[in-house]
Amino acid sequence: MGRPRQWSSSLKARFSLAAAGAALALAAAPASAGLLDERSDRLLLTGGVSTVEGAGGGGLSPWALIAGYGTRDQVGGGSFFTYVNTPDFNLRSFGGNIGIKNRLELSVARQNFDLEKVGGALGLGNGFTINQTVLGAKVRLFGDAVLEQDSWLPQVAVGVQHKINDEAALVRSLGARSGNGTDFYISATKIFLSQSLLFNTTLRFTKANQFGILGFGGRDDKYRVRPEGSVALLLTRKLAVGAEIRFKTDNLAVAEEDGAYDIFVAYAPAKNVSLTVAYADLGNIVVGAQRSAYASLTVGF
Amino acid sequence: MTVSFMRLPVAIALALLPLAANAQDAAAINAQGRSKTLPVITDDGKLLDQFGGRPGLVKIMDDFMDNLIADPRTRPFFESSDKERIKRQLVDQFCVIMAGPCAYDGRSMQEAHAGMGVNTGQFYALVEALQKSMNKHGVPFRAQNRLVAALAPMHRDVITK
């Protein structure tokens, strides 16, 4: 566990910052919603929300669901802005995803990881920011998590996330082998509608340290298999609560890396907008445990 | 799915049937007045109670049909249909599925939707229309989902496009 902190007040402050960021993204909503006239007809929240890496899923873990609400005859998707405020850092992630015929999902995310005062302590200057681009693709292999309610077969998808960290020299100096890396994953999602429950399991093959923010590879340059899990309870058509866990690699010698988990509330008042707020514990990131406020807005079409 | 051809008229998608059926499938109704082939999803009357019993279903289906006519995605399938008859049949179907004291005598889903060219989006639009009418009549969301879960597999017979 990290150092003791002033809990309630600091979390409250972090949540209000996160909300402000999400409100900014909301301003872009009307423009984006009018982009395509064709409707996307899948049911509310059945595309998940946008993960911090851009793929459709929860907040931390991609799901087998294809982002947006497009059916097998339609194209769906959206743009998103996510703000995570940790005690020592903050992360902004923005980008978009597109779901084509409920089969293929393409996504892009740009992440800005602000080192705040840790930057100064490392001699990089306060507010030094590590930027990373994540290019993602996901293909639904089989199954339909929503329609196949009389079958135990989940919806299954495979995906790839290619990550390009702008600070390759810096992350190498911290012990990473590379500033670029590619994650591969397989996800299985099942909605037990009669119980109003969603389950997802993802297996990720990765070399990333701290999602790639601290580069790829470390003590060795081997891929590791890391599981991720999500569960969500559907409270209404528009509202879901849930929890996620994501294991990470812990391959850098300079600092221990823990798993991450979150508990979230996702709200979709309409097809073209969803708001997720979460309490996320990202585990130790170099200087201590990063218990965080997380807010994310997706504006879809 | 080897059994799908045997799946008899289940539920929701019957609403997409403009020409309602005769009582040809009456043989499928057993002595208790329940179809052996409908997916009866409970063994007590509590679920149906959450829909207001049979009278509640009648009100929900009235709203449901209004919603279907109001939505341009579903309107073409219903505007020139015998709406009263379809509503009656839906009430019977849902009532049977929830172990109510009812009998259903409609056609199979496959028969009913052959050649109608229903696509996935239209199927989901119908589910939404049903959810909205159930919300309006105060059916708890978890009870709604139990019904929708029983109806969802009908997509195999209904969606043909």
# chains A, B, ... in the order shown; residues from 1 in each chain; ligands from 1
>>> interface_residues(of="chain A", to="chain B", cutoff="12 Å", atoms="only C-alpha atoms", output="PyMOL selection string")
chain A and resi 38-44+46+69-75+101-102+144-151+191-197+233-240+271
>>> select_by_dssp(residues="range 121-226 of chain A", states="strand (DSSP E)", output="number ranges by chain")
A: 129-142, 155-165, 180-192, 197-206, 224-226
>>> atom_distance(atom1="CA of Leu130 in chain B", atom2="CA of Val277 in chain A")
29.0 Å
>>> select_by_dssp(residues="range 127-251 of chain A", states="alpha helix (DSSP H)", output="VMD selection string")
chain A and resid 168 to 173
>>> residues_around(residues="Thr206 in chain A", least_positions_apart="6", cutoff="7 Å", atoms="only C-alpha atoms", output="PyMOL selection string")
chain A and resi 182-184+223-225
>>> residues_around(residues="Gly117 in chain B", least_positions_apart="3", cutoff="8 Å", atoms="only C-alpha atoms", output="list of chain:residue names")
B:His113, B:Ala114, B:Ile159, B:Thr160, B:Lys161
>>> residues_around(residues="Glu228 in chain A", least_positions_apart="5", cutoff="8 Å", atoms="only C-alpha atoms", output="list in words")
Ser61, Thr201, Thr202, Leu203, Arg204, Glu244, Ile245, Arg246 and Phe247 of chain A
>>> write_last_selection(atoms="N, CA and C atoms", output="tab-separated table (two decimals), in the first residue's frame")
chain	number	residue	atom	x	y	z
A	61	SER	N	-10.47	-2.33	-19.41
A	61	SER	CA	-10.33	-3.60	-20.12
A	61	SER	C	-11.26	-3.66	-21.34
A	201	THR	N	-14.13	-11.51	-19.80
A	201	THR	CA	-12.77	-11.95	-19.47
A	201	THR	C	-11.89	-11.65	-20.67
A	202	THR	N	-10.75	-11.06	-20.40
A	202	THR	CA	-9.80	-10.75	-21.46
A	202	THR	C	-8.44	-11.31	-21.06
A	203	LEU	N	-7.77	-11.94	-22.01
A	203	LEU	CA	-6.38	-12.34	-21.81
A	203	LEU	C	-5.53	-11.48	-22.72
A	204	ARG	N	-4.57	-10.80	-22.11
A	204	ARG	CA	-3.73	-9.88	-22.89
A	204	ARG	C	-2.31	-10.40	-22.94
A	244	GLU	N	-13.90	-3.78	-12.39
A	244	GLU	CA	-12.92	-4.38	-13.30
A	244	GLU	C	-11.61	-4.64	-12.57
A	245	ILE	N	-10.88	-5.60	-13.08
A	245	ILE	CA	-9.53	-5.81	-12.59
A	245	ILE	C	-8.64	-6.11	-13.79
A	246	ARG	N	-7.44	-5.57	-13.74
A	246	ARG	CA	-6.50	-5.78	-14.84
A	246	ARG	C	-5.11	-6.00	-14.26
A	247	PHE	N	-4.53	-7.13	-14.56
A	247	PHE	CA	-3.18	-7.41	-14.11
A	247	PHE	C	-2.18	-6.82	-15.09
